[in-house]
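Q: Okay, here's the structure, questions in a sec.
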Amino acid sequence: MSAGAPWPRAAADVRLAVRSLAGKTLFITGASRGIGLAIALRAARDGANVVVAAKTTDPHPRLPGTIHTAAAQLEAAGGRALPLAVDIRFEEQVRAAVGQAVERFGGIDILVNNASAISLTGTLETSMKRFDLMMGVNVRGTFLCSQACIPYLAKASNPHILTLCPPPELRPEWLAPHLAYTISKFGMSLCVMGLAAELRSAGIAVNESGCTDLSGYAVKPGEPLREDLFVSS
């Protein structure tokens with residue numbers, strides 16, 4: 001979509017709530033496991049189409065799930081799945097995946113920016129390699145996936161972007177324990193604020209998860225999945 005081009009639909013046409021995800025297409029990053037998979041399964045139970053956009057194609061030695069096992073679970077739950085190997089730091093991979101999603105399902109209704117790199121370390125313990133990874137996945141990846149999906153969301157009847165990040169409240173107690181990680185999550189929060197204002201006239205709803213402490217929801221080996229703030233039964 002070229003700059004300045006008219007949006008295909010007025011904001012007034014947008015419905016306030018989605019009662020069912022049946023037939024909707026969700027592009028979910030990091031959906032091979034954890035919160036992303038939980039959201040995907042909830043959508044699949046409604047009969048949604050789900051794009052599993054994640055990196056893991058082969059079994060991980062410590063973490064459960066691949067894009068293929070996730071797709072099988074989604075199909076079993078009643079949805080349709082498209083597993084795609086995507087590293088959201090790389091533009092060509094993201095744009096190719098979005099194109100394949102549109103070709104397969106005819107469009108995109110909802111983008112879920114779930115993929116996130118985490119390192120709950122202090123400043124001296126955070127390597128620059130890890131810092132760059134978190135900025136690349138969390139901030140760049142969120143911006144890039146949103147940018148790539150917007151032209152297709154703009155054609156949907158009730159489009160949404162949901163980003164899993166905290167509200168951007170600059171409180172020292174959130175920054176001090178793991179500064180680099182919190183900066184990267186706040187970068188995602190700022191994407192939400194900016195896109196919500198920018199896309200309001202296009203009728204694209206942009207929201208964050210509303211959780212103030214995402215560290216407790218990071219899925220670690222051996223720990224149970226906590227999904228209550230993000231999906232309903």
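Naming scheme: A, B, ... for chains in displayed order of the structure tokens; residues 1 onward per chain; ligands 1 onward as shown.
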Per DSSP on the backbone, filter region 19-230 of chain A down to the residues in strand (DSSP E) and report them as a list in words.
A: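 Taking region 19-230 of chain A and keeping strand (DSSP E) only, one gets Thr25, Leu26, Phe27, Ile28, Thr29, Asn49, Val50, Val51, Val52, Ala53, Ala54, Arg80, Ala81, Leu82, Pro83, Leu84, Ala85, Ile110, Leu111, Val112, Asn113, His160, Ile161, Leu162, Thr163, Ala205, Val206, Asn207 and Glu208 of chain A.
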Q: Please, which residues of region 7-233 of chain A, numbered as in this document, come out helix (DSSP H, G or I) from DSSP, as an MDAnalysis selection string?
A: chainID A and resid 11:13 34:45 67:76 91:105 128:153 172:175 179:198 200:202 214:217
Q: Measuring atom to atom with only C-alpha atoms, identify which of A:Thr56, A:Ser20, A:Ser116, A:Thr25 is nearest to Gly136 (chain A).
A: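 Selected residue with least distance to Gly136 (chain A): A:Ser116.
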Q: Find the residue from A:Ala22, A:Val102, A:Ile108, A:Ala85 that sits nearest to Ser157 (chain A); use only C-alpha atoms when measuring.
A: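 The closest residue to Ser157 (chain A) is A:Ile108.
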Q: Find the residue from A:Val52, A:Ala71, A:Leu120, A:Ile110 that sits nearest to Pro177 (chain A); use only C-alpha atoms when measuring.
A: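 Checking each of A:Val52, A:Ala71, A:Leu120, A:Ile110 against Pro177 (chain A), counting only C-alpha atoms, the winner is A:Leu120.
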Q: Restricting the calculation to only C-alpha atoms: of A:Pro168, A:Leu84, A:Val137, A:Ala197, which residue gets closest to Ala101 (chain A)?
A: A:Leu84
Q: Suppose you want the space between CA of Arg95 (chain A) and CA of Gly36 (chain A); what is it in Å?
A: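 Between these atoms lies a distance of 19.7 Å.
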Q: Just the residues within 12 Å of His160 (chain A), please, counting only C-alpha atoms, with nothing from its chain fewer than 5 positions along; format it as an mmCIF file with N, CA and C atoms, in the first residue's frame.
A:
```
data_model
loop_
_atom_site.group_PDB
_atom_site.id
_atom_site.type_symbol
_atom_site.label_atom_id
_atom_site.label_comp_id
_atom_site.auth_asym_id
_atom_site.auth_seq_id
_atom_site.Cartn_x
_atom_site.Cartn_y
_atom_site.Cartn_z
ATOM 1 N N VAL A 14 -15.933 -0.879 11.927
ATOM 2 C CA VAL A 14 -15.313 -1.902 12.765
ATOM 3 C C VAL A 14 -16.251 -2.300 13.896
ATOM 4 N N ARG A 15 -16.433 -3.590 14.111
ATOM 5 C CA ARG A 15 -17.234 -4.072 15.232
ATOM 6 C C ARG A 15 -16.426 -3.969 16.523
ATOM 7 N N LEU A 16 -17.121 -3.813 17.628
ATOM 8 C CA LEU A 16 -16.442 -3.604 18.899
ATOM 9 C C LEU A 16 -15.848 -4.879 19.464
ATOM 10 N N ALA A 17 -16.367 -6.027 19.104
ATOM 11 C CA ALA A 17 -15.874 -7.264 19.694
ATOM 12 C C ALA A 17 -15.986 -8.407 18.697
ATOM 13 N N VAL A 18 -15.108 -9.366 18.830
ATOM 14 C CA VAL A 18 -15.156 -10.571 18.018
ATOM 15 C C VAL A 18 -15.800 -11.667 18.857
ATOM 16 N N LEU A 21 -13.994 -16.654 16.450
ATOM 17 C CA LEU A 21 -12.870 -16.572 15.528
ATOM 18 C C LEU A 21 -13.019 -17.544 14.367
ATOM 19 N N LYS A 24 -11.643 -16.833 10.808
ATOM 20 C CA LYS A 24 -10.665 -15.755 10.866
ATOM 21 C C LYS A 24 -9.255 -16.325 10.682
ATOM 22 N N THR A 25 -8.370 -15.508 10.149
ATOM 23 C CA THR A 25 -6.981 -15.927 9.972
ATOM 24 C C THR A 25 -6.090 -15.148 10.924
ATOM 25 N N LEU A 26 -5.373 -15.890 11.762
ATOM 26 C CA LEU A 26 -4.461 -15.285 12.733
ATOM 27 C C LEU A 26 -3.025 -15.608 12.336
ATOM 28 N N PHE A 27 -2.209 -14.590 12.295
ATOM 29 C CA PHE A 27 -0.762 -14.744 12.065
ATOM 30 C C PHE A 27 -0.113 -14.572 13.430
ATOM 31 N N ILE A 28 0.384 -15.676 14.009
ATOM 32 C CA ILE A 28 0.897 -15.645 15.379
ATOM 33 C C ILE A 28 2.385 -15.958 15.372
ATOM 34 N N ILE A 108 -5.420 -11.758 6.095
ATOM 35 C CA ILE A 108 -5.050 -11.834 7.510
ATOM 36 C C ILE A 108 -6.003 -10.941 8.292
ATOM 37 N N ASP A 109 -6.617 -11.501 9.333
ATOM 38 C CA ASP A 109 -7.552 -10.744 10.172
ATOM 39 C C ASP A 109 -6.921 -10.253 11.461
ATOM 40 N N ILE A 110 -6.006 -11.052 12.007
ATOM 41 C CA ILE A 110 -5.425 -10.736 13.309
ATOM 42 C C ILE A 110 -3.941 -11.068 13.294
ATOM 43 N N LEU A 111 -3.135 -10.129 13.739
ATOM 44 C CA LEU A 111 -1.711 -10.371 13.970
ATOM 45 C C LEU A 111 -1.490 -10.442 15.477
ATOM 46 N N VAL A 112 -0.834 -11.494 15.942
ATOM 47 C CA VAL A 112 -0.459 -11.598 17.344
ATOM 48 C C VAL A 112 1.064 -11.548 17.433
ATOM 49 N N ASN A 113 1.582 -10.435 17.929
ATOM 50 C CA ASN A 113 3.022 -10.285 18.144
ATOM 51 C C ASN A 113 3.377 -10.917 19.487
ATOM 52 N N SER A 146 4.222 -6.130 12.098
ATOM 53 C CA SER A 146 3.088 -5.209 11.978
ATOM 54 C C SER A 146 3.099 -4.527 10.625
ATOM 55 N N CYS A 149 2.002 -6.879 7.820
ATOM 56 C CA CYS A 149 0.606 -7.322 7.854
ATOM 57 C C CYS A 149 -0.405 -6.206 7.619
ATOM 58 N N ILE A 150 -0.026 -4.974 7.877
ATOM 59 C CA ILE A 150 -0.984 -3.861 7.809
ATOM 60 C C ILE A 150 -1.752 -3.789 6.489
ATOM 61 N N TYR A 152 -2.792 -6.002 4.561
ATOM 62 C CA TYR A 152 -3.803 -7.064 4.503
ATOM 63 C C TYR A 152 -4.823 -6.907 5.617
ATOM 64 N N LEU A 153 -4.383 -6.471 6.790
ATOM 65 C CA LEU A 153 -5.324 -6.178 7.864
ATOM 66 C C LEU A 153 -6.302 -5.094 7.437
ATOM 67 N N ALA A 154 -5.821 -4.140 6.663
ATOM 68 C CA ALA A 154 -6.664 -3.027 6.231
ATOM 69 C C ALA A 154 -7.817 -3.486 5.338
ATOM 70 N N LYS A 155 -7.711 -4.673 4.788
ATOM 71 C CA LYS A 155 -8.769 -5.213 3.927
ATOM 72 C C LYS A 155 -9.730 -6.114 4.687
ATOM 73 N N VAL A 192 2.816 -0.406 20.113
ATOM 74 C CA VAL A 192 1.370 -0.473 20.301
ATOM 75 C C VAL A 192 0.767 0.928 20.366
ATOM 76 N N LEU A 195 1.077 2.632 16.818
ATOM 77 C CA LEU A 195 0.224 2.026 15.796
ATOM 78 C C LEU A 195 -1.251 2.242 16.098
ATOM 79 N N ALA A 196 -1.620 2.217 17.380
ATOM 80 C CA ALA A 196 -3.023 2.439 17.739
ATOM 81 C C ALA A 196 -3.500 3.796 17.242
ATOM 82 N N LEU A 199 -3.215 3.908 13.123
ATOM 83 C CA LEU A 199 -4.132 3.064 12.362
ATOM 84 C C LEU A 199 -5.589 3.223 12.766
ATOM 85 N N ARG A 200 -5.850 4.141 13.694
ATOM 86 C CA ARG A 200 -7.229 4.310 14.160
ATOM 87 C C ARG A 200 -8.177 4.635 13.011
ATOM 88 N N ALA A 202 -7.962 3.805 10.052
ATOM 89 C CA ALA A 202 -8.094 2.649 9.166
ATOM 90 C C ALA A 202 -8.983 1.577 9.765
ATOM 91 N N GLY A 203 -9.391 1.761 11.028
ATOM 92 C CA GLY A 203 -10.238 0.776 11.668
ATOM 93 C C GLY A 203 -9.506 -0.460 12.138
ATOM 94 N N ILE A 204 -8.182 -0.372 12.287
ATOM 95 C CA ILE A 204 -7.397 -1.498 12.774
ATOM 96 C C ILE A 204 -7.174 -1.313 14.275
ATOM 97 N N ALA A 205 -7.713 -2.215 15.061
ATOM 98 C CA ALA A 205 -7.557 -2.131 16.510
ATOM 99 C C ALA A 205 -6.183 -2.641 16.900
ATOM 100 N N VAL A 206 -5.484 -1.886 17.735
ATOM 101 C CA VAL A 206 -4.138 -2.260 18.172
ATOM 102 C C VAL A 206 -4.109 -2.229 19.697
ATOM 103 N N ASN A 207 -3.772 -3.359 20.302
ATOM 104 C CA ASN A 207 -3.798 -3.458 21.755
ATOM 105 C C ASN A 207 -2.609 -4.248 22.277
ATOM 106 N N GLU A 208 -2.300 -4.023 23.556
ATOM 107 C CA GLU A 208 -1.294 -4.845 24.221
ATOM 108 C C GLU A 208 -2.006 -5.771 25.194
#
```
Q: Can you tell me, as a VMD selection string, what residues are no more than 9 Å from Arg140 (chain A) when counting only C-alpha atoms, ignoring any on the same chain fewer than 3 positions away?
A: chain A and resid 88 to 89 135 to 137 143 to 145 187 to 188
Q: Have a look at A:Arg33, A:Lys129, A:Lys185, A:Arg171 and name the one nearest to Ala70 (chain A); count only C-alpha atoms.
A: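 The shortest atom-to-atom distance to Ala70 (chain A) comes from A:Arg33.
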Q: Taking only C-alpha atoms into account, name the residue in A:Ala81, A:Ala31, A:Leu63, A:Ala117 that is nearest to Ala44 (chain A).
A: A:Ala81
